[in-house]
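Peer 1: Just one file: coords_1.cif, with mmCIF, C-alpha atoms and all ligand atoms.
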```cif
data_start
#
loop_
_atom_site.label_atom_id
_atom_site.label_comp_id
_atom_site.auth_asym_id
_atom_site.auth_seq_id
_atom_site.Cartn_x
_atom_site.Cartn_y
_atom_site.Cartn_z
CA MET A 1294 12.60 -52.80 15.27
CA ARG A 1295 9.84 -51.71 12.88
CA ILE A 1296 9.05 -48.75 15.09
CA ARG A 1297 12.68 -47.60 15.00
CA ILE A 1298 12.61 -47.65 11.17
CA ALA A 1299 9.32 -45.76 11.03
CA ALA A 1300 10.55 -42.85 13.17
CA PRO A 1301 12.87 -41.23 10.54
CA ALA A 1302 10.03 -41.49 7.98
CA VAL A 1303 7.79 -39.44 10.30
CA LEU A 1304 10.55 -36.86 10.73
CA ALA A 1305 10.99 -36.62 6.95
CA ALA A 1306 7.24 -36.10 6.50
CA THR A 1307 7.29 -33.36 9.15
CA ALA A 1308 10.20 -31.60 7.44
CA LEU A 1309 8.31 -31.72 4.13
CA SER A 1310 5.17 -30.13 5.56
CA VAL A 1311 7.26 -27.42 7.27
CA SER A 1312 8.90 -26.49 3.95
CA LEU A 1313 5.47 -26.39 2.27
CA LEU A 1314 4.20 -24.05 4.99
CA ALA A 1315 7.27 -21.83 4.59
CA ALA A 1316 6.59 -21.54 0.86
CA SER A 1317 2.93 -20.50 1.15
CA PRO A 1318 3.32 -16.87 2.43
CA ALA A 1319 5.41 -15.98 -0.66
CA SER A 1320 2.79 -17.34 -3.05
CA ALA A 1321 0.05 -15.55 -1.07
CA ALA A 1322 1.97 -12.26 -1.52
CA THR A 1323 2.08 -12.60 -5.30
CA VAL A 1324 -1.72 -12.89 -5.53
CA ARG A 1325 -2.44 -10.28 -2.81
CA HIS A 1326 -3.52 -7.59 -5.26
CA GLN A 1327 -5.59 -8.03 -8.39
CA GLY A 1328 -4.98 -6.79 -11.88
CA GLY A 1329 -1.50 -5.43 -11.24
CA LEU A 1330 -2.71 -2.14 -9.74
CA HIS A 1331 -1.45 -1.92 -6.18
CA LEU A 1332 -0.12 0.22 -3.35
CA GLY A 1333 3.64 0.79 -3.53
CA TYR A 1334 5.79 2.85 -1.18
CA ILE A 1335 4.00 4.86 1.51
CA GLN A 1336 5.65 7.74 3.37
CA TYR A 1337 3.02 7.84 6.12
CA ASP A 1338 5.14 9.88 8.55
CA SER A 1339 6.22 13.14 6.97
CA PRO A 1340 9.96 13.63 7.70
CA GLY A 1341 10.70 16.23 10.37
CA ARG A 1342 8.25 17.79 12.76
CA ASP A 1343 4.53 17.54 11.92
CA ASN A 1344 3.95 21.32 11.71
CA ARG A 1345 1.02 21.06 9.24
CA SER A 1346 2.76 23.29 6.69
CA ASN A 1347 1.76 22.49 3.13
CA SER A 1348 5.27 21.23 2.33
CA SER A 1349 5.17 18.91 5.34
CA LEU A 1350 1.69 17.68 4.34
CA ASN A 1351 2.98 17.00 0.83
CA ALA A 1352 5.94 15.06 2.21
CA GLU A 1353 3.31 12.55 3.35
CA TRP A 1354 2.32 10.43 0.35
CA VAL A 1355 1.20 7.12 -1.08
CA ASN A 1356 2.41 5.59 -4.33
CA ILE A 1357 0.11 3.53 -6.50
CA HIS A 1358 1.85 1.32 -9.02
CA ASN A 1359 0.49 -0.27 -12.18
CA SER A 1360 2.41 -3.48 -12.70
CA SER A 1361 -0.03 -4.71 -15.35
CA ARG A 1362 0.76 -4.62 -19.07
CA SER A 1363 -1.89 -2.07 -19.90
CA THR A 1364 -2.92 1.47 -19.03
CA VAL A 1365 -5.53 1.77 -16.28
CA GLN A 1366 -8.03 4.64 -16.02
CA LEU A 1367 -8.14 5.56 -12.31
CA LYS A 1368 -11.31 7.67 -12.46
CA GLY A 1369 -13.53 6.70 -9.52
CA TYR A 1370 -10.83 4.73 -7.70
CA LYS A 1371 -10.58 5.68 -4.03
CA LEU A 1372 -7.77 5.84 -1.52
CA LYS A 1373 -8.96 5.46 2.10
CA ASP A 1374 -7.41 5.44 5.55
CA ASN A 1375 -8.67 3.69 8.68
CA THR A 1376 -10.71 6.72 9.77
CA GLY A 1377 -12.61 6.83 6.48
CA TYR A 1378 -10.93 9.86 4.91
CA THR A 1379 -11.23 9.35 1.18
CA TYR A 1380 -9.42 10.63 -1.89
CA THR A 1381 -11.31 9.95 -5.13
CA PHE A 1382 -9.38 9.99 -8.38
CA GLY A 1383 -10.57 12.15 -11.22
CA SER A 1384 -9.69 11.12 -14.76
CA TYR A 1385 -6.10 9.91 -14.72
CA LYS A 1386 -4.49 7.27 -16.89
CA ILE A 1387 -1.67 5.33 -15.30
CA GLY A 1388 0.49 3.64 -17.91
CA ALA A 1389 1.82 0.09 -17.72
CA GLY A 1390 4.69 -0.03 -15.24
CA LYS A 1391 4.02 3.53 -14.06
CA THR A 1392 3.52 5.01 -10.60
CA VAL A 1393 1.30 7.84 -9.42
CA LYS A 1394 2.02 9.58 -6.11
CA VAL A 1395 -0.86 10.95 -4.03
CA ARG A 1396 0.40 13.74 -1.77
CA THR A 1397 -1.71 14.80 1.23
CA GLY A 1398 -1.50 18.59 0.87
CA LYS A 1399 -2.47 21.11 -1.77
CA GLY A 1400 -0.84 21.54 -5.16
CA ARG A 1401 -1.35 21.40 -8.88
CA ASP A 1402 -1.95 17.91 -10.26
CA ALA A 1403 0.64 16.84 -12.81
CA SER A 1404 1.78 13.70 -14.55
CA GLY A 1405 2.72 11.18 -11.86
CA VAL A 1406 1.42 13.27 -8.95
CA ARG A 1407 -2.02 14.00 -7.52
CA TYR A 1408 -2.81 16.25 -4.55
CA TRP A 1409 -5.40 15.25 -1.95
CA GLY A 1410 -5.77 18.95 -1.02
CA ARG A 1411 -6.00 18.44 2.72
CA GLY A 1412 -5.03 20.93 5.44
CA SER A 1413 -4.14 18.18 7.91
CA TYR A 1414 -2.36 14.84 7.82
CA VAL A 1415 -4.26 11.75 6.76
CA TRP A 1416 -1.94 8.81 7.46
CA ASN A 1417 -1.50 7.96 11.11
CA ASN A 1418 2.15 7.74 12.18
CA THR A 1419 1.64 5.01 14.77
CA SER A 1420 -0.57 2.59 12.84
CA ASP A 1421 -2.99 2.81 9.97
CA LYS A 1422 -4.16 0.96 6.89
CA ALA A 1423 -4.28 2.29 3.33
CA ARG A 1424 -6.94 0.89 1.05
CA LEU A 1425 -7.23 1.21 -2.70
CA VAL A 1426 -10.89 0.74 -3.62
CA LYS A 1427 -12.27 0.15 -7.12
CA PRO A 1428 -15.06 2.33 -8.52
CA SER A 1429 -17.38 -0.65 -7.91
CA GLY A 1430 -16.57 -0.46 -4.17
CA SER A 1431 -14.59 -3.68 -4.01
CA LEU A 1432 -11.11 -3.71 -2.56
CA GLN A 1433 -8.21 -3.59 -5.01
CA ASP A 1434 -5.41 -3.61 -2.44
CA SER A 1435 -4.64 -2.74 1.17
CA CYS A 1436 -1.51 -2.23 3.23
CA SER A 1437 -1.10 -1.60 6.95
CA TRP A 1438 1.76 -0.49 9.18
CA THR A 1439 2.74 0.00 12.79
CA ARG A 1440 5.21 2.24 14.63
CA ALA A 1441 7.84 -0.47 13.98
CA ASP A 1442 7.88 0.49 10.27
CA ARG A 1443 9.61 3.79 11.14
CA GLY A 1444 7.69 6.22 8.97
CA TYR A 1445 7.93 4.44 5.66
CA LYS A 1446 6.39 1.29 4.30
CA ASN A 1447 7.11 -0.73 1.19
CA CYS A 1448 3.76 -2.29 0.24
CA HIS A 1449 4.97 -3.92 -2.99
CA CA A 1501 1.42 11.06 8.99
#
```
Starting from the file, lay out its structure as C-alpha cells.
Peer 2:
Amino acid sequence: MRIRIAAPAVLAATALSVSLLAASPASAATVRHQGGLHLGYIQYDSPGRDNRSNSSLNAEWVNIHNSSRSTVQLKGYKLKDNTGYTYTFGSYKIGAGKTVKVRTGKGRDASGVRYWGRGSYVWNNTSDKARLVKPSGSLQDSCSWTRADRGYKNCH
C-alpha cells in the first residue's frame, strides 16, 4: 500500500525536474553574450547566384547590435569566420540600441555600415561560425549555422 502511494510522488518529482530542464536553455540564451554587444541577423548566403560581383558580395553581411545602455567604441574588435578570415574595426562608435552592418564587399564606410573590402565571399553557405572578438582577444559572442538555416540566421 505504501509503495502505491509513493509512486505518484516520484512521478511529480520527475515532472518538476523536466520543467526545470526545459527552462534552462532560455536562461542560458539571455547570458550568452556579454555586455549587450552581440551578433544579430546574418545574411551568410547572398541572395541569387554567387557571381562574386561587388553587389552580390555586399548582399552578404553580418549585423552587430548594441543592446547595452551605452555607446561602445568598436575600435580593435574583430569579426572572424571559421577559416580565420578577419575584419578588424577601425574607430566606430555604436550607440545604445544601434546596429552596425558589416558587408563583405567594397564600399564607402558610413553610419551603420562598414565594408570588409573583400573580393570573395567570407561566410560559408553550408555551415560556418561567426565570432565577435574583443580587442583583448577574448570572445564577445559567436553564432553558427548550417544549410538548414536557409541563407539567413537570426543570432539575437
Ligand atoms: Ca556566403
Peer 1: Would you name the residues within 6 Å of ligand CA 1501 (chain A), counting all atoms listed in the file, and put them as a PyMOL selection string?
Peer 2: chain A and resi 1337-1339+1414+1416-1418
Peer 1: Tell me which of A:Leu1330, A:Leu1372, A:Ala1441, A:Val1415 sits closest to Lys1386 (chain A), counting only C-alpha atoms.
Peer 2: A:Leu1330
Peer 1: Please provide the set of residues having any atom within 10 Å of Gly1390 (chain A), restricted to only C-alpha atoms, with same-chain residues fewer than 6 positions apart removed, written as a list in words.
Peer 2: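 Listed by chain and then number, they are Gly1329, Leu1330, His1358, Asn1359, Ser1360, Ser1361, Arg1362, Ser1363 and Thr1364 of chain A.
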Peer 1: Fewer than 3 positions away in the same chain doesn't count, so skip those; otherwise give me all residues within 7 Å of Gly1410 (chain A), counting all atoms listed in the file, as a ChimeraX atom specification.
Peer 2: /A:1397-1400
Peer 1: Between A:Leu1432, A:Leu1350, A:Val1406, A:Val1355, which has the minimum distance to Cys1448 (chain A) (counting only C-alpha atoms)?
Peer 2: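 Of A:Leu1432, A:Leu1350, A:Val1406, A:Val1355, the one nearest Cys1448 (chain A), counting only C-alpha atoms, is A:Val1355.
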Peer 1: Neighbouring residues of Phe1382 (chain A) were defined as those with any atom within 8 Å, considering all atoms listed in the file; residues of the same chain fewer than 3 positions away were excluded. Please report them as a ChimeraX atom specification.
Peer 2: /A:1367-1371,1385
Peer 1: Will you give me region 1323-1397 of chain A, written with C-alpha atoms and laid out as an mmCIF file, in the first residue's frame?
Peer 2:
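Below you can see out-v7.cif, which holds the result:
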```
data_model
loop_
_atom_site.group_PDB
_atom_site.id
_atom_site.type_symbol
_atom_site.label_atom_id
_atom_site.label_comp_id
_atom_site.auth_asym_id
_atom_site.auth_seq_id
_atom_site.Cartn_x
_atom_site.Cartn_y
_atom_site.Cartn_z
ATOM 1 C CA THR A 1323 19.964 35.513 -22.139
ATOM 2 C CA VAL A 1324 23.503 35.328 -20.733
ATOM 3 C CA ARG A 1325 25.094 34.011 -23.960
ATOM 4 C CA HIS A 1326 26.724 37.326 -24.857
ATOM 5 C CA GLN A 1327 28.387 39.781 -22.520
ATOM 6 C CA GLY A 1328 27.912 43.495 -22.188
ATOM 7 C CA GLY A 1329 24.999 43.760 -24.604
ATOM 8 C CA LEU A 1330 27.176 43.800 -27.735
ATOM 9 C CA HIS A 1331 26.263 40.805 -29.855
ATOM 10 C CA LEU A 1332 25.768 39.321 -33.308
ATOM 11 C CA GLY A 1333 22.321 39.991 -34.760
ATOM 12 C CA TYR A 1334 20.980 38.953 -38.153
ATOM 13 C CA ILE A 1335 23.434 37.321 -40.563
ATOM 14 C CA GLN A 1336 22.779 37.056 -44.299
ATOM 15 C CA TYR A 1337 25.504 34.469 -44.879
ATOM 16 C CA ASP A 1338 24.210 33.345 -48.289
ATOM 17 C CA SER A 1339 23.975 36.280 -50.663
ATOM 18 C CA PRO A 1340 20.578 36.101 -52.440
ATOM 19 C CA GLY A 1341 20.773 34.923 -56.051
ATOM 20 C CA ARG A 1342 23.713 33.316 -57.759
ATOM 21 C CA ASP A 1343 27.143 33.703 -56.134
ATOM 22 C CA ASN A 1344 28.741 35.524 -59.103
ATOM 23 C CA ARG A 1345 31.322 37.417 -56.966
ATOM 24 C CA SER A 1346 30.104 40.811 -58.214
ATOM 25 C CA ASN A 1347 30.609 43.566 -55.669
ATOM 26 C CA SER A 1348 26.841 43.959 -55.219
ATOM 27 C CA SER A 1349 26.491 40.233 -54.553
ATOM 28 C CA LEU A 1350 29.411 40.340 -52.087
ATOM 29 C CA ASN A 1351 27.755 43.261 -50.309
ATOM 30 C CA ALA A 1352 24.470 41.366 -50.095
ATOM 31 C CA GLU A 1353 26.369 39.058 -47.735
ATOM 32 C CA TRP A 1354 26.529 40.719 -44.321
ATOM 33 C CA VAL A 1355 26.578 40.454 -40.555
ATOM 34 C CA ASN A 1356 24.778 42.756 -38.144
ATOM 35 C CA ILE A 1357 26.271 43.627 -34.786
ATOM 36 C CA HIS A 1358 23.825 45.007 -32.268
ATOM 37 C CA ASN A 1359 24.477 47.032 -29.133
ATOM 38 C CA SER A 1360 21.706 46.201 -26.695
ATOM 39 C CA SER A 1361 23.529 47.856 -23.789
ATOM 40 C CA ARG A 1362 22.549 51.272 -22.435
ATOM 41 C CA SER A 1363 25.749 52.968 -23.501
ATOM 42 C CA THR A 1364 27.781 53.695 -26.612
ATOM 43 C CA VAL A 1365 30.544 51.188 -27.361
ATOM 44 C CA GLN A 1366 33.757 52.057 -29.227
ATOM 45 C CA LEU A 1367 34.361 49.149 -31.628
ATOM 46 C CA LYS A 1368 37.980 50.002 -32.481
ATOM 47 C CA GLY A 1369 40.025 46.795 -32.344
ATOM 48 C CA TYR A 1370 37.006 44.479 -32.222
ATOM 49 C CA LYS A 1371 37.270 41.642 -34.741
ATOM 50 C CA LEU A 1372 34.792 39.663 -36.773
ATOM 51 C CA LYS A 1373 36.061 36.179 -37.726
ATOM 52 C CA ASP A 1374 34.798 33.197 -39.679
ATOM 53 C CA ASN A 1375 35.717 29.528 -39.234
ATOM 54 C CA THR A 1376 38.586 29.768 -41.727
ATOM 55 C CA GLY A 1377 40.220 32.619 -39.831
ATOM 56 C CA TYR A 1378 39.354 35.490 -42.178
ATOM 57 C CA THR A 1379 39.260 38.572 -40.000
ATOM 58 C CA TYR A 1380 37.685 42.012 -40.229
ATOM 59 C CA THR A 1381 39.094 44.467 -37.683
ATOM 60 C CA PHE A 1382 37.043 47.519 -36.803
ATOM 61 C CA GLY A 1383 38.601 50.939 -37.045
ATOM 62 C CA SER A 1384 37.241 53.701 -34.844
ATOM 63 C CA TYR A 1385 33.461 53.374 -34.828
ATOM 64 C CA LYS A 1386 31.040 54.249 -32.062
ATOM 65 C CA ILE A 1387 27.902 52.162 -31.904
ATOM 66 C CA GLY A 1388 25.190 53.890 -29.907
ATOM 67 C CA ALA A 1389 22.939 52.234 -27.344
ATOM 68 C CA GLY A 1390 20.317 50.155 -29.137
ATOM 69 C CA LYS A 1391 22.030 50.639 -32.511
ATOM 70 C CA THR A 1392 23.146 48.178 -35.172
ATOM 71 C CA VAL A 1393 26.138 48.225 -37.490
ATOM 72 C CA LYS A 1394 26.150 46.091 -40.638
ATOM 73 C CA VAL A 1395 29.430 44.651 -41.931
ATOM 74 C CA ARG A 1396 29.154 43.954 -45.658
ATOM 75 C CA THR A 1397 31.660 41.600 -47.312
#
```
